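What follows is the content of protein.cif (mmCIF, C-alpha atoms and all ligand atoms).
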```cif
data_start
#
loop_
_atom_site.label_atom_id
_atom_site.label_comp_id
_atom_site.auth_asym_id
_atom_site.auth_seq_id
_atom_site.Cartn_x
_atom_site.Cartn_y
_atom_site.Cartn_z
CA MET L 1 97.11 90.29 110.88
CA VAL L 2 93.71 91.66 109.82
CA LYS L 3 90.66 89.38 109.90
CA PHE L 4 87.42 90.24 108.13
CA LYS L 5 84.31 89.21 110.09
CA TYR L 6 80.86 89.42 108.57
CA ASN L 7 77.39 88.61 109.91
CA SER L 8 75.02 87.76 107.04
CA LYS L 9 72.02 87.88 109.41
CA LYS L 10 72.58 91.61 109.84
CA CYS L 11 73.07 92.26 106.12
CA ASP L 12 70.03 91.65 103.96
CA LEU L 13 71.01 91.41 100.29
CA PRO L 14 68.02 89.97 98.39
CA TYR L 15 68.37 88.98 94.76
CA GLU L 16 66.80 91.52 92.40
CA PRO L 17 65.56 89.75 89.26
CA GLU L 18 65.53 92.83 86.99
CA GLU L 19 69.19 93.52 87.72
CA LEU L 20 70.27 89.85 88.09
CA ARG L 21 72.10 90.85 91.29
CA PRO L 22 71.54 92.50 94.66
CA THR L 23 71.31 96.26 94.34
CA LYS L 24 70.54 97.38 97.89
CA CYS L 25 73.22 98.91 100.08
CA LEU L 26 76.61 97.51 98.95
CA LYS L 27 78.14 100.58 100.61
CA CYS L 28 81.02 98.49 101.93
CA LEU L 29 81.99 97.53 98.37
CA GLU L 30 81.87 101.14 97.23
CA VAL L 31 83.95 102.49 100.10
CA CYS L 32 86.77 99.90 100.19
CA PRO L 33 89.82 101.71 98.77
CA HIS L 34 91.43 98.42 97.69
CA ASN L 35 88.33 96.78 96.17
CA LEU L 36 88.75 93.78 98.46
CA LEU L 37 85.03 93.10 98.95
CA MET L 38 82.57 91.37 96.66
CA PHE L 39 79.09 89.82 96.91
CA VAL L 40 78.57 86.09 96.42
CA PRO L 41 75.32 84.07 96.23
CA LEU L 42 74.10 81.95 99.13
CA LYS L 43 73.17 78.34 98.36
CA GLU L 44 69.38 78.72 98.64
CA LYS L 45 67.79 79.01 95.17
CA ASP L 46 64.28 79.94 93.98
CA ARG L 47 62.18 77.87 91.55
CA ASP L 48 64.05 79.30 88.56
CA GLY L 49 67.40 78.37 90.04
CA ALA L 50 68.30 81.97 90.91
CA PRO L 51 69.97 82.63 94.26
CA LYS L 52 67.58 84.09 96.84
CA LYS L 53 70.19 86.07 98.72
CA PHE L 54 73.81 87.15 98.61
CA LYS L 55 76.48 87.78 101.18
CA ILE L 56 79.53 90.00 101.35
CA HIS L 57 82.87 88.26 101.05
CA MET L 58 86.53 89.22 101.17
CA ILE L 59 87.94 88.39 97.71
CA PHE L 60 90.67 86.10 99.08
CA LYS L 61 91.65 85.56 102.69
CA SER L 62 95.28 85.91 101.69
CA PHE L 63 94.39 89.28 100.14
CA ALA L 64 93.12 90.46 103.50
CA LYS L 65 96.43 89.61 105.12
CA LYS L 66 98.42 91.30 102.38
CA PHE L 67 96.34 94.24 101.22
CA CYS L 68 93.78 95.22 103.87
CA PRO L 69 95.34 97.96 105.98
CA GLY L 70 92.42 97.83 108.42
CA CYS L 71 91.23 101.31 107.52
CA LEU L 72 87.79 100.42 108.98
CA LYS L 73 85.93 102.32 106.24
CA CYS L 74 83.73 99.29 105.58
CA VAL L 75 82.95 98.99 109.30
CA GLU L 76 82.12 102.67 109.67
CA ILE L 77 79.84 102.89 106.65
CA CYS L 78 77.83 99.72 107.32
CA PRO L 79 74.39 100.82 108.57
CA THR L 80 73.71 97.49 110.31
CA GLN L 81 77.05 96.75 112.01
CA ALA L 82 77.40 93.59 109.93
CA ILE L 83 81.17 93.95 109.46
CA ARG L 84 83.97 93.76 111.99
CA ILE L 85 87.70 93.93 111.40
CA LYS L 86 89.88 92.13 113.92
CA PHE L 87 93.55 92.92 114.38
S1 LIG Z 101 89.19 97.69 106.39
FE1 LIG Z 101 89.40 99.12 104.64
S2 LIG Z 101 90.72 98.06 103.15
FE2 LIG Z 101 90.00 96.53 104.64
S3 LIG Z 101 88.15 95.63 103.67
FE3 LIG Z 101 87.45 97.33 104.99
S4 LIG Z 101 87.37 99.15 103.65
FE4 LIG Z 101 88.59 97.56 102.60
S1 LIG Z 102 77.49 98.03 104.14
FE1 LIG Z 102 76.78 96.50 105.65
S2 LIG Z 102 74.60 96.23 105.21
FE2 LIG Z 102 75.53 97.24 103.42
S3 LIG Z 102 76.04 95.55 102.01
FE3 LIG Z 102 77.88 96.00 103.27
S4 LIG Z 102 77.73 94.55 105.01
FE4 LIG Z 102 75.69 94.65 104.06
#
```
If you convert what's in this file into C-alpha cells, what do you get?
Amino acid sequence: MVKFKYNSKKCDLPYEPEELRPTKCLKCLEVCPHNLLMFVPLKEKDRDGAPKKFKIHMIFKSFAKKFCPGCLKCVEICPTQAIRIKF
C-alpha cells in the first residue's frame, strides 16, 4: 500500500493575492500522471481573511491506495525533498 508523506516546512507555498492562489513551484501537481495532488489552504489567515500559506495534499487517502502506482515522479521533481512515498 502506498502512503503519501509531505513536509510542509520544506515546501513554501505563500498565498499570492493577485492570483488568489499560490503560484510558486507546484511541480508535483504538474508531474503527477493521475492528478492525485492538490493544494489546500493552511488555517492561518491574514487581516483580510485570506490564507497565508498552502500545503500539498493527496486528493483522498483512499485514492492513494487505489490509484497511486508509486511512480515517484512527485518525489523526483520536488526541489526541496518535501515529498516521500512509502510502500
Ligand atoms: S507517486 Fe506518482 S502517481 Fe503517486 S502521487 Fe506521486 S506522481 Fe502521483
Ligand atoms: S514540488 Fe515540492 S516544493 Fe514544489 S510544490 Fe510540490 S512539494 Fe512543494
I need the residue nearest Gln81 of chain L from this list: L:Leu13, L:Cys28, L:Ala50, L:Met1. Use all atoms listed in the file for the distance.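 Selected residue with least distance to Gln81 of chain L: L:Cys28.
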Using all atoms listed in the file, find each residue with an atom at most 8 Å away from ligand LIG 102 (chain Z) and format the answer as a PDB file with C-alpha atoms, keeping the file's coordinate frame.
```
ATOM      1  CA  TYR L   6      80.860  89.420 108.570  1.00  0.00           C
ATOM      2  CA  ASN L   7      77.390  88.610 109.910  1.00  0.00           C
ATOM      3  CA  SER L   8      75.020  87.760 107.040  1.00  0.00           C
ATOM      4  CA  LYS L  10      72.580  91.610 109.840  1.00  0.00           C
ATOM      5  CA  CYS L  11      73.070  92.260 106.120  1.00  0.00           C
ATOM      6  CA  ASP L  12      70.030  91.650 103.960  1.00  0.00           C
ATOM      7  CA  LEU L  13      71.010  91.410 100.290  1.00  0.00           C
ATOM      8  CA  LYS L  24      70.540  97.380  97.890  1.00  0.00           C
ATOM      9  CA  CYS L  25      73.220  98.910 100.080  1.00  0.00           C
ATOM     10  CA  LEU L  26      76.610  97.510  98.950  1.00  0.00           C
ATOM     11  CA  LYS L  27      78.140 100.580 100.610  1.00  0.00           C
ATOM     12  CA  CYS L  28      81.020  98.490 101.930  1.00  0.00           C
ATOM     13  CA  LEU L  29      81.990  97.530  98.370  1.00  0.00           C
ATOM     14  CA  LYS L  55      76.480  87.780 101.180  1.00  0.00           C
ATOM     15  CA  ILE L  56      79.530  90.000 101.350  1.00  0.00           C
ATOM     16  CA  CYS L  74      83.730  99.290 105.580  1.00  0.00           C
ATOM     17  CA  VAL L  75      82.950  98.990 109.300  1.00  0.00           C
ATOM     18  CA  ILE L  77      79.840 102.890 106.650  1.00  0.00           C
ATOM     19  CA  CYS L  78      77.830  99.720 107.320  1.00  0.00           C
ATOM     20  CA  PRO L  79      74.390 100.820 108.570  1.00  0.00           C
ATOM     21  CA  THR L  80      73.710  97.490 110.310  1.00  0.00           C
ATOM     22  CA  GLN L  81      77.050  96.750 112.010  1.00  0.00           C
ATOM     23  CA  ALA L  82      77.400  93.590 109.930  1.00  0.00           C
ATOM     24  CA  ILE L  83      81.170  93.950 109.460  1.00  0.00           C
TER      25      ILE L  83
END
```
Mind checking which residues fall within 9 Å of Met58 of chain L, counting only C-alpha atoms, ignoring those fewer than 4 positions away in the same chain, and posting them as a PyMOL selection string? chain L and resi 4+36-39+63-64
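Here the question is which of L:Lys73, L:Lys3, L:Lys9, L:Lys66 gets nearest to Glu30 of chain L using all atoms listed in the file, and that residue is L:Lys73.
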Per residue of chain L within 6 Å of ligand LIG 101 (chain Z), record the nearest atom pair and its distance in Å to one decimal, counting all atoms listed in the file, with rows in chain order and ascending residue number, as a tab-separated table.
```
residue	atom	partner	partner_atom	distance
L:Val31	CA	Z:LIG101	S4	6.0
L:Cys32	CA	Z:LIG101	S4	3.6
L:Pro33	CA	Z:LIG101	S2	5.8
L:His34	CA	Z:LIG101	S2	5.5
L:Leu36	CA	Z:LIG101	S3	5.6
L:Cys68	CA	Z:LIG101	FE2	4.1
L:Pro69	CA	Z:LIG101	S2	5.4
L:Gly70	CA	Z:LIG101	S1	3.8
L:Cys71	CA	Z:LIG101	FE1	4.1
L:Leu72	CA	Z:LIG101	S1	4.0
L:Lys73	CA	Z:LIG101	S4	4.3
L:Cys74	CA	Z:LIG101	S4	4.1
```
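In this comparison, which uses all atoms listed in the file, the residue of L:Lys65, L:Arg84, L:Lys5, L:Arg21 approaching Pro51 of chain L most closely is L:Arg21.
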Practice task
Could you tell me how far atom CA of Glu18 of chain L lies from atom CA of Phe60 of chain L, in Å and to one decimal?
Solution key: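 A separation of 28.7 Å between them.
Relative to atom CA of Ile85 of chain L, atom CA of Val40 of chain L is found at 19.2 Å.
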Pro14 of chain L: which residues within 7 Å, counting all atoms listed in the file, same-chain residues fewer than 6 positions away excluded, as an MDAnalysis selection string? chainID L and resid 22 52:54
One decimal place gives the atom CA of Leu42 of chain L-atom CA of Phe87 of chain L separation as 27.0 Å
Among listed residues L:Asp48, L:His57, L:Val2, L:Leu20, nearest Asn35 of chain L (using only C-alpha atoms):
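Closest to Asn35 of chain L, using only C-alpha atoms: L:His57.
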